[in-house]
Amino acid sequence: MSARRYALFAALALFIAFIAANVIANSWFRSWRLDLTENQLYSISRGTQQTLDDLTEPVQLTLYYSRDAARPVPQLQAYASRVREMLLTFQARSHGRVRFTEVNVEPFTEAEDAASENGVQAVRPYEGADPIYFGLVGANAIDDTRTIPLFDPQREAFLEYELTRLIYELENPERTRVALITSLPLDPAAAADPQLGATSQSVFATEMGRLLEVTKLGPDFTSIPADTDVLAIIHPGALSQAQLFAVDQFILRNGRAFIALDPASMQAAMSSTGFDPFNPVMPAPTSSSLGPLLDAWGVQMAPTVVLDLEGALPVSVQDPTTGQTGQAPQPLFFQVPPERLDREDLMTAWLRRGINFGLSGGLTRRTEIEGVTIVPLVRTSGRTMRLPAEQALMRPSPLDVLNMWPASGGRVENVALRISGTLPTAFPGGAPPAEDVTPGETPEPGAPAQPPAQEPQAETLRVSATPAQVVVVADTDFLADDFYVDPQSGGTAADNASFALNAIDVLGGSDALVSLRSRAPAQRSMRLLEDMERDAQRRIESRQRQLEADLQETQARLQELQARGRGSGFFAGDLGAELTPEEQAEVDRFRTREGEIRSELRGLVRDLRGDIDRLQALVIFINVWLAPLLIAGAGLFLFWRRQRRGGAGR
């Protein structure tokens, strides 16, 4: 065989081997990924992988995206690529359980009708533009569907959680089961059924009953239903040791609880004012605490009320001197703005209106416990003070509060915490002895002690059987309508209920789902460019301040001339007067100086633009031209070296 024919066959064989290798890799090794990005943008977390591994039936994901209509919006196009790549990663790592298809939605087509019918929302970047559909519809084997109506680029950090949550809900379509322990008149079951008097329930109770399957436990409960997903404790009454033990063991075994306590509950105080001594129903206590449990977890809530002056909400007060009614900030009621919420936790990251609190307590970390992590979710400003709960319930006026406010000594207080990890039991000695008195009842004299009937108990746990996730809030009044609902429109002015429902919703997911947190966005800032812009802005502001100082100096000199009687009166209000030579000289001097500074400012902006252009050219050269030039240079060097060796051999 000639060398020419051998080379031809060798090239053909290499081409066939290349095609075969790509086909085999695409078929057999699609789930193999090497992610070299700094923030691991193309990798999925362990929680997502566990959710995919737990799928028992296939899930169909359909992305509706208007490619042509989204072309004028580069940011949306970039995020669409990010969503598409994440969905392809889910499909590759699911071993065939997740099937992904994309539908290009064009106006007046069947695809647009399907997108609308499935709940995908259309947006228009500007008036008159074609609608842009950018949402996801998931379906399981029995045609249950879940929809993400619109992918928001601002929520990119939570993209993996949203996709994983949708897949989890398709695998587990049942509503989250919540066991509720409360001494307040909260009845989500009644709120969910209009025939039972939903109008008497709060907005929070109504939404809780609509979104969740809630079972309210009676005051004499001795156990918690085994099928409960999340335990919600909202201002409980005086729990017995047996009831505290039941709560302790549930949290150790299931690990999911939302707890709202209060050192001074206004709802309970108002309900107790109308207490009928002949009514056997005991009024709700004005304070609540799970002392033994919090102590075991290393958390403490003192029996005092936190006041926040910086976030104080306005209330109507009467001026003691004039008798007129006006508005004054009341530090007993305060708002925690969005910037003081945990921006990385799924429960609080996207609350944009803040949370209003009233007569709230403060949570502190009492001791460090190995394996237990405590993260503040909601924090006050540093302008705070504390009042005894009894004094706070008397509702001192804002003027009285300001008069007793200390000159210094305030600190940042934690209103809500997230406790996670391996919790220890609050009953290291085991179950407490059986009690013969039900909480709220008094035994009859001479009655024999009869232990209450108990359900068969599982093995007593001393530490968490599964990593716990517990949210503790030091206020319950924030769930009352008075603190965030407009009585006229019925709309909400703050994210009070959203925070509580978000927390229960996140806790109601699987262990894998709860472990997901926000991720870094795909778009990374150019630090060098930001430093250049920051330095230029600093110089521009410096020159602008200098120009303002020159203007003030010129005005002062003109006023001085006017005061000495050497002014024309033009700058004193006589617009018809002619300027004196001294005034004209000052005005000309300022105008000259203004022109010089403005020219200098234009030069600074021009220099910044030039620096940015040079940086852009350097980046383009490195990314586009440097590698080919290096390869070409290496090839020329090897060719020259081979030619030189060949010439030397002759």
# chains A, B, ... in the order shown; residues from 1 in each chain; ligands from 1
call {"tool": "residues_around", "arguments": {"residues": "segment 342-355 of chain A", "least_positions_apart": "4", "cutoff": "8 Å", "atoms": "only C-alpha atoms", "output": "number ranges by chain"}}
result
A: 158, 335-338, 376-378, 478, 493-496, 498-499, 502-503, 506, 517-518
call {"tool": "write_last_selection", "arguments": {"atoms": "N, CA and C atoms", "output": "PDB file, in the first residue's frame"}}
result
ATOM      1  N   PHE A 158     -32.107  31.224  43.415  1.00  0.00           N
ATOM      2  CA  PHE A 158     -33.013  30.187  43.920  1.00  0.00           C
ATOM      3  C   PHE A 158     -33.542  29.295  42.795  1.00  0.00           C
ATOM      4  N   GLN A 335     -40.972  47.838  62.706  1.00  0.00           N
ATOM      5  CA  GLN A 335     -40.804  47.067  61.472  1.00  0.00           C
ATOM      6  C   GLN A 335     -39.342  46.698  61.290  1.00  0.00           C
ATOM      7  N   VAL A 336     -39.115  45.449  60.904  1.00  0.00           N
ATOM      8  CA  VAL A 336     -37.782  45.006  60.503  1.00  0.00           C
ATOM      9  C   VAL A 336     -37.735  45.069  58.981  1.00  0.00           C
ATOM     10  N   PRO A 337     -36.943  45.978  58.399  1.00  0.00           N
ATOM     11  CA  PRO A 337     -36.931  46.131  56.937  1.00  0.00           C
ATOM     12  C   PRO A 337     -36.253  44.946  56.257  1.00  0.00           C
ATOM     13  N   PRO A 338     -36.402  44.821  54.942  1.00  0.00           N
ATOM     14  CA  PRO A 338     -35.838  43.670  54.228  1.00  0.00           C
ATOM     15  C   PRO A 338     -34.337  43.513  54.392  1.00  0.00           C
ATOM     16  N   PRO A 376     -29.446  33.719  62.718  1.00  0.00           N
ATOM     17  CA  PRO A 376     -30.499  34.739  62.843  1.00  0.00           C
ATOM     18  C   PRO A 376     -31.212  34.946  61.513  1.00  0.00           C
ATOM     19  N   LEU A 377     -32.531  34.945  61.549  1.00  0.00           N
ATOM     20  CA  LEU A 377     -33.342  35.219  60.371  1.00  0.00           C
ATOM     21  C   LEU A 377     -33.848  36.649  60.337  1.00  0.00           C
ATOM     22  N   VAL A 378     -34.206  37.183  61.498  1.00  0.00           N
ATOM     23  CA  VAL A 378     -34.773  38.532  61.596  1.00  0.00           C
ATOM     24  C   VAL A 378     -34.066  39.248  62.732  1.00  0.00           C
ATOM     25  N   PHE A 478     -47.436  39.393  65.599  1.00  0.00           N
ATOM     26  CA  PHE A 478     -47.158  39.765  64.217  1.00  0.00           C
ATOM     27  C   PHE A 478     -48.073  39.009  63.244  1.00  0.00           C
ATOM     28  N   ALA A 493     -49.842  44.969  53.916  1.00  0.00           N
ATOM     29  CA  ALA A 493     -48.838  46.021  53.805  1.00  0.00           C
ATOM     30  C   ALA A 493     -47.461  45.553  54.224  1.00  0.00           C
ATOM     31  N   ALA A 494     -47.333  44.353  54.741  1.00  0.00           N
ATOM     32  CA  ALA A 494     -46.051  43.796  55.167  1.00  0.00           C
ATOM     33  C   ALA A 494     -46.080  42.291  54.938  1.00  0.00           C
ATOM     34  N   ASP A 495     -44.940  41.658  55.106  1.00  0.00           N
ATOM     35  CA  ASP A 495     -44.789  40.232  54.803  1.00  0.00           C
ATOM     36  C   ASP A 495     -44.890  39.355  56.048  1.00  0.00           C
ATOM     37  N   ASN A 496     -45.740  39.731  56.995  1.00  0.00           N
ATOM     38  CA  ASN A 496     -45.864  38.955  58.232  1.00  0.00           C
ATOM     39  C   ASN A 496     -46.308  37.529  57.962  1.00  0.00           C
ATOM     40  N   SER A 498     -46.540  36.018  55.102  1.00  0.00           N
ATOM     41  CA  SER A 498     -45.674  35.365  54.119  1.00  0.00           C
ATOM     42  C   SER A 498     -44.470  34.725  54.787  1.00  0.00           C
ATOM     43  N   PHE A 499     -43.910  35.389  55.784  1.00  0.00           N
ATOM     44  CA  PHE A 499     -42.762  34.831  56.488  1.00  0.00           C
ATOM     45  C   PHE A 499     -43.131  33.518  57.174  1.00  0.00           C
ATOM     46  N   ASN A 502     -43.984  30.868  54.527  1.00  0.00           N
ATOM     47  CA  ASN A 502     -42.750  30.445  53.864  1.00  0.00           C
ATOM     48  C   ASN A 502     -41.979  29.461  54.728  1.00  0.00           C
ATOM     49  N   ALA A 503     -41.872  29.785  56.010  1.00  0.00           N
ATOM     50  CA  ALA A 503     -41.117  28.916  56.916  1.00  0.00           C
ATOM     51  C   ALA A 503     -41.759  27.535  56.989  1.00  0.00           C
ATOM     52  N   VAL A 506     -41.235  25.670  53.596  1.00  0.00           N
ATOM     53  CA  VAL A 506     -39.879  25.130  53.419  1.00  0.00           C
ATOM     54  C   VAL A 506     -39.648  23.949  54.349  1.00  0.00           C
ATOM     55  N   ARG A 517     -30.127  25.875  49.786  1.00  0.00           N
ATOM     56  CA  ARG A 517     -30.086  27.293  50.093  1.00  0.00           C
ATOM     57  C   ARG A 517     -29.776  28.041  48.806  1.00  0.00           C
ATOM     58  N   SER A 518     -29.738  29.338  48.888  1.00  0.00           N
ATOM     59  CA  SER A 518     -29.479  30.125  47.686  1.00  0.00           C
ATOM     60  C   SER A 518     -28.061  29.884  47.196  1.00  0.00           C
TER      61      SER A 518
END
call {"tool": "closest_residue", "arguments": {"among": "A:Ile224, A:Ile504, A:Leu638, A:Ala189", "to": "Phe245 of chain A", "atoms": "only C-alpha atoms"}}
result
A:Ile224
call {"tool": "closest_residue", "arguments": {"among": "A:Val463, A:Ala312, A:Ala268, A:Ala80", "to": "His235 of chain A", "atoms": "only C-alpha atoms"}}
result
A:Ala268
call {"tool": "select_by_dssp", "arguments": {"residues": "segment 155-266 of chain A", "states": "alpha helix (DSSP H)", "output": "PyMOL selection string"}}
result
chain A and resi 159-171+188-192+203-211+241-254+266
call {"tool": "residues_around", "arguments": {"residues": "Leu399 of chain A", "least_positions_apart": "3", "cutoff": "10 Å", "atoms": "only C-alpha atoms", "output": "JSON, numbers by chain"}}
result
{"A": [317, 318, 319, 320, 328, 329, 330, 396, 402, 403, 404, 405]}
call {"tool": "atom_distance", "arguments": {"atom1": "atom CA of Ile597 of chain A", "atom2": "atom CA of Asp611 of chain A"}}
result
20.7 Å
call {"tool": "residues_around", "arguments": {"residues": "segment 255-257 of chain A", "least_positions_apart": "4", "cutoff": "8 Å", "atoms": "only C-alpha atoms", "output": "PDB file with N, CA, C and O atoms, in the first residue's frame"}}
result
ATOM      1  N   ASP A 229     -46.040  16.357  59.166  1.00  0.00           N
ATOM      2  CA  ASP A 229     -44.826  16.819  58.487  1.00  0.00           C
ATOM      3  C   ASP A 229     -44.143  17.944  59.263  1.00  0.00           C
ATOM      4  O   ASP A 229     -42.916  17.977  59.382  1.00  0.00           O
ATOM      5  N   VAL A 230     -44.951  18.898  59.752  1.00  0.00           N
ATOM      6  CA  VAL A 230     -44.409  20.054  60.475  1.00  0.00           C
ATOM      7  C   VAL A 230     -45.259  20.275  61.716  1.00  0.00           C
ATOM      8  O   VAL A 230     -46.491  20.224  61.661  1.00  0.00           O
ATOM      9  N   LEU A 231     -44.594  20.527  62.827  1.00  0.00           N
ATOM     10  CA  LEU A 231     -45.270  20.887  64.069  1.00  0.00           C
ATOM     11  C   LEU A 231     -45.244  22.406  64.198  1.00  0.00           C
ATOM     12  O   LEU A 231     -44.164  23.019  64.190  1.00  0.00           O
ATOM     13  N   ALA A 232     -46.423  23.037  64.303  1.00  0.00           N
ATOM     14  CA  ALA A 232     -46.530  24.483  64.475  1.00  0.00           C
ATOM     15  C   ALA A 232     -47.000  24.775  65.892  1.00  0.00           C
ATOM     16  O   ALA A 232     -48.086  24.344  66.291  1.00  0.00           O
ATOM     17  N   ILE A 233     -46.191  25.495  66.637  1.00  0.00           N
ATOM     18  CA  ILE A 233     -46.523  25.877  68.015  1.00  0.00           C
ATOM     19  C   ILE A 233     -46.600  27.397  68.040  1.00  0.00           C
ATOM     20  O   ILE A 233     -45.591  28.084  67.869  1.00  0.00           O
ATOM     21  N   PHE A 250     -41.059  14.459  69.255  1.00  0.00           N
ATOM     22  CA  PHE A 250     -41.434  14.658  67.858  1.00  0.00           C
ATOM     23  C   PHE A 250     -40.333  15.398  67.105  1.00  0.00           C
ATOM     24  O   PHE A 250     -39.979  15.033  65.974  1.00  0.00           O
ATOM     25  N   ILE A 251     -39.803  16.462  67.714  1.00  0.00           N
ATOM     26  CA  ILE A 251     -38.764  17.240  67.040  1.00  0.00           C
ATOM     27  C   ILE A 251     -37.499  16.409  66.863  1.00  0.00           C
ATOM     28  O   ILE A 251     -36.825  16.485  65.828  1.00  0.00           O
ATOM     29  N   SER A 464     -31.245  13.853  68.129  1.00  0.00           N
ATOM     30  CA  SER A 464     -32.045  13.852  66.910  1.00  0.00           C
ATOM     31  C   SER A 464     -31.758  12.614  66.071  1.00  0.00           C
ATOM     32  O   SER A 464     -30.602  12.281  65.805  1.00  0.00           O
ATOM     33  N   THR A 466     -32.905  12.531  62.991  1.00  0.00           N
ATOM     34  CA  THR A 466     -32.677  13.161  61.693  1.00  0.00           C
ATOM     35  C   THR A 466     -32.293  14.613  61.944  1.00  0.00           C
ATOM     36  O   THR A 466     -32.724  15.204  62.938  1.00  0.00           O
ATOM     37  N   PRO A 467     -31.436  15.197  61.120  1.00  0.00           N
ATOM     38  CA  PRO A 467     -31.043  16.590  61.351  1.00  0.00           C
ATOM     39  C   PRO A 467     -32.261  17.497  61.475  1.00  0.00           C
ATOM     40  O   PRO A 467     -33.143  17.502  60.614  1.00  0.00           O
ATOM     41  N   ALA A 468     -32.316  18.246  62.541  1.00  0.00           N
ATOM     42  CA  ALA A 468     -33.485  19.073  62.845  1.00  0.00           C
ATOM     43  C   ALA A 468     -33.406  20.407  62.113  1.00  0.00           C
ATOM     44  O   ALA A 468     -32.322  20.925  61.819  1.00  0.00           O
ATOM     45  N   GLN A 469     -34.593  20.959  61.836  1.00  0.00           N
ATOM     46  CA  GLN A 469     -34.733  22.304  61.290  1.00  0.00           C
ATOM     47  C   GLN A 469     -35.882  22.952  62.049  1.00  0.00           C
ATOM     48  O   GLN A 469     -37.043  22.605  61.856  1.00  0.00           O
ATOM     49  N   VAL A 470     -35.553  23.888  62.930  1.00  0.00           N
ATOM     50  CA  VAL A 470     -36.558  24.515  63.794  1.00  0.00           C
ATOM     51  C   VAL A 470     -36.450  26.027  63.641  1.00  0.00           C
ATOM     52  O   VAL A 470     -35.350  26.589  63.702  1.00  0.00           O
ATOM     53  N   VAL A 471     -37.576  26.684  63.430  1.00  0.00           N
ATOM     54  CA  VAL A 471     -37.636  28.143  63.365  1.00  0.00           C
ATOM     55  C   VAL A 471     -38.332  28.637  64.623  1.00  0.00           C
ATOM     56  O   VAL A 471     -39.436  28.175  64.953  1.00  0.00           O
ATOM     57  N   ILE A 504     -43.079  27.468  57.160  1.00  0.00           N
ATOM     58  CA  ILE A 504     -43.750  26.170  57.245  1.00  0.00           C
ATOM     59  C   ILE A 504     -43.650  25.435  55.920  1.00  0.00           C
ATOM     60  O   ILE A 504     -43.461  24.209  55.879  1.00  0.00           O
ATOM     61  N   LEU A 507     -40.097  24.069  55.600  1.00  0.00           N
ATOM     62  CA  LEU A 507     -39.915  22.967  56.540  1.00  0.00           C
ATOM     63  C   LEU A 507     -40.712  21.733  56.126  1.00  0.00           C
ATOM     64  O   LEU A 507     -40.333  20.610  56.460  1.00  0.00           O
ATOM     65  N   GLY A 508     -41.815  21.933  55.398  1.00  0.00           N
ATOM     66  CA  GLY A 508     -42.637  20.807  54.990  1.00  0.00           C
ATOM     67  C   GLY A 508     -42.057  19.982  53.873  1.00  0.00           C
ATOM     68  O   GLY A 508     -42.583  18.913  53.554  1.00  0.00           O
TER      69      GLY A 508
END
call {"tool": "closest_residue", "arguments": {"among": "A:Ile369, A:Ile148, A:Leu630, A:Met266", "to": "Gly421 of chain A", "atoms": "only C-alpha atoms"}}
result
A:Ile369
call {"tool": "atom_distance", "arguments": {"atom1": "atom CA of Thr384 of chain A", "atom2": "atom CA of Phe204 of chain A"}}
result
28.0 Å
call {"tool": "select_by_dssp", "arguments": {"residues": "segment 280-433 of chain A", "states": "strand (DSSP E)", "output": "PyMOL selection string"}}
result
chain A and resi 299-301+304-308+312-318+325-336+355-358+363-365+372-379+384-388+414-421
call {"tool": "residues_around", "arguments": {"residues": "Asp295 of chain A", "least_positions_apart": "4", "cutoff": "9 Å", "atoms": "only C-alpha atoms", "output": "JSON, numbers by chain"}}
result
{"A": [290, 291, 299, 300, 366, 367, 426]}
